[in-house]
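Beneath this line is the structure, given in structure tokens, with notes to follow.
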Amino acid sequence: MSATDCVIEATARSVPTLRFDASQLRHLEALATAGYPEEVCGLLIGHEANGEVLVSRAVQANNLATDRRRDRYLLDPDDFVAADDQARRDGLQIVGIWHTHPDHPARPSPTDIARAWVGYVYLILSVGAEGLIARRSWLLNGSSTIEQRIEESAP
């Protein structure tokens, strides 16, 4: 899947809500905190419907940024392809990428923005020694970002 295959579009006036099943959100938060103090990353699998991005599952990917794992991630392309293949078999798609910011705010860094692709959700989870601090989601809009509301559905 390429960035042009994605269907998520946003403008400052219309930003789709990011919706998780509560159990998937707890699973994602557990993955994020387990990787502390290094950045961990992965993919969000789901689809867009009725003005929402619905996340069916979150999967972890290998972080190949071996030299700066505390403040960088480089998502393993083999993990991306495997997740994309499985998502397509399930009738879904990769809707976004998640990663952590250990001991830093859950907002995109200049590196995050420079590497982002239009059409994908970027979920950042701020984690510390005490666990999850915050989670925020963003969409790329030109050279800047638009924050996206995160909601969870009851199990």
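By order in the structure tokens, chains are A, B, ...; within a chain, residues start at 1; ligands start at 1, following the order shown.
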Quiz prompt | DSSP strand (DSSP E or B) selection over chain A, as a PyMOL selection string | solution = chain A and resi 11+14+17-21+41-49+52-61+63+75+93-102+121-128+131-141+144-148+150-153
Quiz item: Of the residues A:Val95, A:Ile113, A:Tyr73, A:Gly131, which is the one nearest to A:Glu29, using only C-alpha atoms?
Solution: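 Counting only C-alpha atoms, the residue closest to A:Glu29 is A:Gly131.
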Quiz item: Which residue out of A:Ser144, A:Leu43, A:Arg57, A:Arg149 has the minimum interatomic distance to A:Asp84 when only C-alpha atoms are used?
Solution: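 Checking each candidate against A:Asp84, we get A:Leu43 as the closest.
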Practice problem: Could you give me, as an MDAnalysis selection string, the residues within 12 Å of A:Arg26, counting only C-alpha atoms and dropping anything in the same chain fewer than 2 positions from it? | Solution: chainID A and resid 20:24 28:33 57:58 132 135 152:155
Self-check item: Nearest candidate to A:Pro102 (options A:Ala61, A:Val118, A:Ile146, A:Cys41; using only C-alpha atoms)
Solution: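 Among the listed residues, the smallest separation from A:Pro102 belongs to A:Cys41.
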Quiz item: Between A:Ala83, A:Gly42, A:Gly51, A:Pro108, which one has atoms that come closest to A:Ser126, using only C-alpha atoms?
Solution: A:Pro108
Practice problem: Report the residues of stretch 1-151 of chain A whose backbone DSSP state falls under alpha helix (DSSP H), written as a PyMOL selection string. | Solution: chain A and resi 22-34+77-89+110-115
Exercise. Have a look at A:Gly128, A:Gly142, A:Pro16, A:Gly46 and name the one nearest to A:Ala116; count only C-alpha atoms.
Key: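 Of A:Gly128, A:Gly142, A:Pro16, A:Gly46, the one nearest A:Ala116, counting only C-alpha atoms, is A:Gly142.
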Quiz item: For A:Asp67, which residue among A:Glu38, A:Ala129, A:Leu25, A:Ile124 is the nearest when counting only C-alpha atoms?
Solution: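 When distances to A:Asp67 are compared using only C-alpha atoms, the smallest one comes from A:Glu38.
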Quiz item: To one decimal place, how far is atom CA of A:Tyr36 from atom CA of A:Arg69 in Å?
Solution: 10.2 Å
Practice problem: Provide the atom CA of A:His47 to atom CA of A:Ala114 distance in Å, to one decimal place. | Solution: 24.5 Å
Quiz item: Hey, can you check how far atom CA of A:Leu54 sits from atom CA of A:Ala134?
Solution: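 Interatomic distance, atom CA of A:Leu54 to atom CA of A:Ala134: 19.9 Å.
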